[in-house]
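Visitor: Sending over a structure as C-alpha cells; questions will come in a sec.
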Amino acid sequence: MRLLRIFLLSIMICGSLKAEGGWEKVPHMLGNWFQIASFHYGFSTDLNKIDSNKVAKDRFGGIIGASVGWNFFVDNHFYLKPSIDIPFTYENVGIGARIKYLYMDTYAPTHSVGGVLYIHPEELMGLGLIHLIIGAGANFSEKYNLKANGAYIEVGLGLLKMIPLLVNTDITYRANIYGKSNDLDLGTIHSLNFVWTFF
C-alpha cells in the first residue's frame, strides 16, 4: 500500500511539473498541498507525578490523530508571503497554521482539539528543517465515567515539515491544565510529546 502511494505521488508530481513547467513548485506541493489533511501517531510521556488516585500512573502512552491546515504561507515560488519582520534585525519569519485533533492514552484517555501555529525562520525555509511550534486548545478526559475537561498549551520544535512522510516530526512540551473541581481530581499535568506525520 505504501509503494502504491509513493507511485501515485510521483505521477502527480511529474505530471504537475510537466504541465506547469518548473521544479520550483515542488516545495509548495510537498509542504502544503500534500499535507492539507494529515494523520499522526506518536507517544507522550508525563513529566510530573500525578496526585490523583482515579487515573493511571503510567508515564508513557500512545498518540493518534489528524489535522488540517496549511504548513507554509508562501507564494508559488515558496517565498514568504506574508512575512513578519523581527524587530531590530533584517530577518523575517513565515507562518503556517493547522487545526489538530489528538487522542492520547496516558494518565486517562484524552481527546484534545486545538490550533497550532508554525513559525518558520526565513534562512531555513528552502530546506524546511526546523520550525517553532506554539499551540493551544481543549482537553476532554474520561475514565470510568468520570470526566475532566481542561485546556492545554504547548511549545516546541517541528522538524522536516516539508516532507509528508514519517520523518515530519513535532516535539512539544505540553501543559494540560484542569480546573480545581473535576471528577478525576486532575490538576496541571506536564508532558513531552513526540508526534510524527504519515499522510
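Following the order of the C-alpha cells, chains are lettered A, B, ..., residues in each are numbered from 1, and ligands are numbered from 1.
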Would you list the contacts of Val167 (chain A) as an mmCIF file with C-alpha atoms, in the first residue's frame, taking every protein, DNA or RNA residue within 12 Å and counting only C-alpha atoms, but skipping same-chain residues closer than 3 positions in sequence?
Guide:
```cif
data_model
loop_
_atom_site.group_PDB
_atom_site.id
_atom_site.type_symbol
_atom_site.label_atom_id
_atom_site.label_comp_id
_atom_site.auth_asym_id
_atom_site.auth_seq_id
_atom_site.Cartn_x
_atom_site.Cartn_y
_atom_site.Cartn_z
ATOM 1 C CA HIS A 40 -0.418 11.472 13.068
ATOM 2 C CA TYR A 41 0.945 8.929 15.519
ATOM 3 C CA GLY A 42 3.433 9.126 18.368
ATOM 4 C CA GLY A 128 12.161 23.132 5.733
ATOM 5 C CA LEU A 129 14.370 21.849 8.556
ATOM 6 C CA GLY A 158 8.883 20.937 14.271
ATOM 7 C CA LEU A 159 11.373 19.027 12.144
ATOM 8 C CA LEU A 160 11.246 18.484 8.378
ATOM 9 C CA LYS A 161 7.703 19.828 7.941
ATOM 10 C CA MET A 162 8.328 19.931 4.191
ATOM 11 C CA ILE A 163 8.241 16.129 3.938
ATOM 12 C CA PRO A 164 4.788 14.495 4.131
ATOM 13 C CA ASP A 170 6.603 17.663 16.186
ATOM 14 C CA ILE A 171 8.418 17.589 19.540
ATOM 15 C CA PHE A 194 6.648 13.192 20.031
ATOM 16 C CA VAL A 195 4.254 13.153 17.065
ATOM 17 C CA TRP A 196 5.019 12.001 13.503
ATOM 18 C CA THR A 197 3.055 12.655 10.307
ATOM 19 C CA PHE A 198 2.268 9.784 7.936
ATOM 20 C CA PHE A 199 -0.038 11.436 5.370
#
```
Visitor: Can I get the residues of region 139-171 of chain A within 8 Å of region 177-190 of chain A, each with the closest pair of atoms and their distance in Å to one decimal, using only C-alpha atoms, sorted chain first then ascending number, as CSV?
Guide:
```
residue,atom,partner,partner_atom,distance
A:Glu142,CA,A:Leu184,CA,7.9
A:Lys143,CA,A:Leu184,CA,7.8
A:Leu146,CA,A:Asp183,CA,5.2
A:Lys147,CA,A:Asp183,CA,5.4
A:Ala148,CA,A:Asn182,CA,5.1
A:Asn149,CA,A:Tyr178,CA,6.4
A:Gly150,CA,A:Tyr178,CA,4.3
A:Ala151,CA,A:Ile177,CA,5.2
A:Tyr152,CA,A:Ile177,CA,5.7
```
Visitor: Return the single residue from A:Asn92, A:Ser112, A:Thr45, A:Ser141 that is closest to Gly62 (chain A), with distances computed using only C-alpha atoms.
Guide: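 Under the stated criterion, the closest residue is A:Thr45.
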Visitor: DSSP says strand (DSSP E or B) for which residues of region 117-193 of chain A? Put them as a PyMOL selection string?
Guide: chain A and resi 117-121+130-143+146-159+165-178+188-193
Visitor: Between A:Asn176, A:Asn53, A:Asn145, A:Ser44, single out the one closest to Thr106 (chain A), counting only C-alpha atoms.
Guide: A:Ser44
Visitor: Just want the 10 Å neighbourhood of Gly115 (chain A), counted on only C-alpha atoms, with same-chain residues fewer than 2 positions away dropped. Output as a list in words.
Guide: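 Neighbouring residues, sequence-local ones excluded: Ser67, Val68, Gly69, Ala97, Arg98, Ile99, Lys100, Tyr101, Val113, Leu117, Ile134, Gly135, Ala136, Gly137, Ala138 and Ile153 of chain A.
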Visitor: Which of these, A:Ile36, A:Val26, A:Tyr107, A:Asp85, has the shortest distance to Asp51 (chain A) once you count only C-alpha atoms?
Guide: A:Tyr107
